Structure formats: C-alpha cells, structure tokens
Amino acid sequence: MQRTRKRSRLVLFLLTFSALTATIMIFDAFRQQLPEDSIETAEEKLLPTDWFFRQRAYPSGQIDKRAFLKAWHFRQAKQRNKVRLRSAPNNQRWELAGPTNVGGRITDIEMFPDDQNVIFAATASGGIFKSEDTGVNWRPIFDDVPNLSIGDMAQAPSNKSVLYVGTGEANAGGGSLAYDGLGVYKSTNGGMSWNSAGLEDVGSIGKVIVDPVDENRVYVAAMGDLFGNNPERGVFRTEDGGESWEKILFVNDSTGAIDLALHPENPSIIYAATWERIRRPERRKYGGAGSGIFRSSDGGDTWNELSYGLPNDAASKGRIGIAIAPSDPSVLYAVYAERDGRIEGIFKSEDGGNNWDRQFVTGISTTTFMWWFGKIFVHPEQPNRVYVTALRMHESVTGGLSWGPVFQGVHVDQHALYIHPQAPNLMVNGNDGGVYVSRDGGDTYFKSGNLPITQFYTCEVDFQNPQRLFGGTQDNGTIRSLTDALDDWDMIFGGDGFRVLVDPNDANFVIAESQFGNIGYSENGGNSFRGITVNTQGTETANWNTPILFDPTDSRTVYVGYTHLYRSRQRGMSGTFETISPRLAIPSGTNLNFGT
C-alpha cells in the first residue's frame, strides 16, 4: 500500500480518532441551543475520551445516539459546502503516524463465494478494509460512516453488490477498547458507499445474516448496550432491506442475541444463540438463565428453545457460538462458555438440533475469558471438520472428538475465520493481531500488512526527539517508533499496553505498563525494562488501566493511583513509594479492577 500520510484516513493514535470525532459531533448537536457566551466553556470541557467513557459511566453516561447522528449529518453538510469547521482551528489536518505493521483486533472476515481474491476485514474500531489481492494490499471502505466499530458484516448470496454491516462490537472485553454502534448500514454497490439501514438503538451486534434467495430479508443478532440493560436486543428481522425492522426473539433486557445460523437449503429454518450479559463499572456477569439456543422453522415468526443434551444450569450457560454444516445441514455444532468464562463444552447435533451430544474439549487452550471469543466454524465440504476460536485457533477432523492446533504461531485471541467454499484450503484468520492468510488449510500463512487498525489506550512523544513516538495498545503491548515512519513500530513492553512516559529531561528514561498495574522502567530509551513494585503490602488491586504520571514540575517524582495515591521522589524505583492520600476508590469487596 502506498504511503498514506496525505490521505484523509484518520487512524487510531489519540486513543481512537473516532473518539475525538464523536466528541465534536456530540457538541455540535447542541451548540446552537447554547447561549453564545457559554459555547466556549462547554467546548473546553469536552475531551477526546468522552465517547469511550460515557458508555461506561452507567447509569448516567448514556449517549444520545439520535442527536449524534443529527450532528454528524449537519457536519457532513457543512463539509460538502466547504464551510470551515469551528472545531478544526487553522484548518489543520491530521496525518497518519502509523503503525501499519502491527495490526489490531479483527471482528469478522468475509469473502465472495465465487472470488478468491477479494477479502473484507471488519475491525473493532477502525471500520472495514477491502483487499483485492488476497490480503496483500488494503484500502478503507467504511470511513464515511459515523461509527467505525464493527460487530459483523454479511454479503447477500443472491447479489454480491449488496452488503450489510452491523456496527458495535459485541465482544465485551474486561476493560478494553470496545464500543457500541449506531445500527446497521447497507451498501448496494459492493461497499463503495453506505446508507443507514436502521436499528440505531441496538448497541452492539453479534451477527448479520442474509436470506440466500432474498437480499432484502436480513436477520440481526443484537446484544444491546455494552454497559446497561435495554430492551433493544435479541433477534431482529427486516423484509424490505432495512426500511423497517421487527423484533422476533426477545428473552429479557439483559440478554441479547450473539450468533445466528441459517439453513442453507431451507432458509425458513434459523438458529439463534442468546447470551445473558451484565456489565457495570464494578461487576460483570457473563452468563445466566437467559443464555440458550433457539430454533425457528417459519423464518423467525415463532421460536422454540433447544435443550435436550445441552447445558441447563444457569452457571453453565455463558456465551454460545453456533454453526451449521454447509454440506450436511442436519449437523450443527455449538461451543458453550460457562458464566465464569471457562469453556463448558462442545456439543454436536446430527438431527437438526433436536438432540445434542457433548464432545471433547481436550486440546483446546481454554482460558477464564472464553466470552472474548465464542465462535465455531464448519468446513464447507466436510461436516466433521470443525474450527473453534479460543486463545488460539483449534481444529477437529473427528466432529469434535479430538482437537489440535491450526494457524500455529499467529497472534493470540481468535475472533474470525473464513473458509473459502471454492477452495477450502484458502483460509483467512482474524484475531487481536490482524489478518492471517493461508492457502494450505492453516499449516502455513502470511500476516497481512498495511492495516492501520491498532487500538491505542495512550500515546507519548519524546519531547527531545519528536520523531520518537510511543503508545500503549490493546493486546499489542507498548510500541515504539524511532523514525516516525509508518511501518517501523515495534513492541518494547508486553501485555495490553497502557500508560507510557518518557522523561522530558532524560529521553533514555521510559516508564511503561501493562494491565493491572504491571509497571516497568527503562534507562536505555525502551530497549530493555526492569520491574517497578509499588509497596501496597498486597492490600490493593490495581485498575485494568492504572494511572501513572510524572510530576510536571519535577520528572523525578512519579505518581501511581491504586486504591490510594502513591508518590515516589526517586523516579518510581521499587521501595520508594509512599502513600499520600486517604482511600479514594470504591468500597472494598467490589471489583476494583474496573470500578475506580
């Protein structure tokens, strides 16, 4: 891909640029209603992180999505009329600073069934990219839409020009960069342009599926708001291409739909997986009685819950993924996570879902956060060849009786897989590290470059050497660029990268951290690190995103926030921290990791 500094592609560097844009949109929605002398005051209070924060500030942090959309269209009209925007002082433009060589979280991969060259990659907060050379080069196709968080996308089997996209990522990370969406968008020209197709209030979307013979008949699995209960969740259906929608399956206001499977020969038969999920600043619940598998035999008019052989205890029913075998639609598979996030089991039905048998999970790299993945895929020609997403990608050639690795060595945290029906050895894998393309069934692969989709929590500039850029990123560690080039970023500190500090008086001294307050320091500009321990006596738990900063008047003084505020006057060296505040966080016994 050609160097894109001069393009209008606004990519994630200040957390995500969409966060900054969202803030401007929210302000513009109401600025004409403000008294003239209060506009500047209101504008000064807005921050680029408002979009990220407000959806989490339950119950008072709700975003008026319709006001946001109204502001977006108002702003677009001003741009078309070449009116200089007040919120872009001096008409300055943002330039891409990278990285294009790191990658980031993929939420869905799609291809045309009759084309082995075109790949669509949907991302967690960077929109959608299209490749026409099987993953070598990419270009963004969704940037003109007011929400770049993608839950799922689908192509109409009867008309490859018709695409549907569900915005809002349904993967509910612990504290990571996940965003609600603004409904469904539709393209009738293969992704060249997009129009809103409704469902603006459904929050996040887990699956979009199109009737194989009717491009206007579409089903959407909606998970609802990421951080609050709401009735706009469940399975929705449109029969007029998104002009109107009907909610056809609803369990309760804390249970959404996370996955769908449509019978390839009889589209009146549809399966839906529901997921009960509650998230608050101080607690999380990733399962419950509302989770289950439902089947409809009349196109979604009526539903029956399937249960024979499936888990029925509320604690055993967390996130569920479901898939139907294209070559034998009587065969279905489901992957269940428990409410606490561990894998519950793999289940198989050979009679269309009436009866289910528990298979084996030996060989699957289970974790305590299986709710982060939760998908299962079936080979287009072999009903016993199955793939399940987890920390790593796993394959079974025995219908789930045994499992082995596939796509070995790719980045962890698998989210998407496309197996091409014309050439099943052509597989495209999407995970937290980007896109991986294999032509031999996952034995070997190459990682796609040129994808500027890295999610930044924070960024930092070396003030003595401004070409040196640093940033803490979601699941790609703390990364650094030494040359200000787009493709020379490398990881210098592992885990999820958060705060990174460069001493303004000594560029060789760098502090970096990963999740839950794992802090390190470097005395050689970030080439190597040693650990920093804050002497909390083991009585406090660090936040997922632990605040740490230099004193602006004396960079030898370092502050770290846990339940209390700590200060070191010796650059944060272990054993030098003192407590300087009373207890600041929420009461003990609650989840301090996310609730401060």
# chains A, B, ... in the order shown; residues from 1 in each chain; ligands from 1
$ closest_atom_pairs --of "stretch 421-469 of chain A" --to "stretch 363-379 of chain A" --cutoff "12 Å" --atoms "only C-alpha atoms" --output "Markdown table"
| residue | atom | partner | partner_atom | distance |
| --- | --- | --- | --- | --- |
| A:Pro421 | CA | A:His379 | CA | 8.4 |
| A:Gln422 | CA | A:His379 | CA | 11.4 |
| A:Ala423 | CA | A:His379 | CA | 10.8 |
| A:Pro424 | CA | A:His379 | CA | 7.4 |
| A:Asn425 | CA | A:His379 | CA | 9.8 |
| A:Leu426 | CA | A:His379 | CA | 11.2 |
| A:Met427 | CA | A:His379 | CA | 10.3 |
| A:Asn429 | CA | A:Phe377 | CA | 11.5 |
| A:Gly430 | CA | A:Phe373 | CA | 11.2 |
| A:Asn431 | CA | A:Phe373 | CA | 9.4 |
| A:Asp432 | CA | A:Phe373 | CA | 10.5 |
| A:Gly441 | CA | A:His379 | CA | 10.3 |
$ write_last_selection --atoms "C-alpha atoms" --output "tab-separated table (two decimals), in the first residue's frame"
chain	number	residue	atom	x	y	z
A	421	PRO	CA	-16.14	-22.69	-0.43
A	422	GLN	CA	-14.45	-22.87	-3.86
A	423	ALA	CA	-11.02	-23.65	-2.42
A	424	PRO	CA	-11.35	-24.78	1.22
A	425	ASN	CA	-7.59	-24.72	1.76
A	426	LEU	CA	-7.80	-20.94	1.37
A	427	MET	CA	-8.49	-19.75	4.92
A	429	ASN	CA	-7.97	-15.91	10.14
A	430	GLY	CA	-8.71	-12.74	12.13
A	431	ASN	CA	-7.56	-12.11	15.69
A	432	ASP	CA	-6.29	-9.39	18.02
A	441	GLY	CA	-5.59	-25.13	5.44
$ residues_around --residues "stretch 350-356 of chain A" --least-positions-apart "4" --cutoff "12 Å" --atoms "only C-alpha atoms" --output "ChimeraX atom specification"
/A:261-263,266,269-272,293-297,304-311,322-325,328-335,345-346,383-384,399
$ residues_around --residues "A:Phe112" --least-positions-apart "4" --cutoff "10 Å" --atoms "only C-alpha atoms" --output "ChimeraX atom specification"
/A:116-120,154-157,160,420-422
$ residues_around --residues "A:Val534" --least-positions-apart "3" --cutoff "9 Å" --atoms "only C-alpha atoms" --output "ChimeraX atom specification"
/A:519,537,560,566,572-578
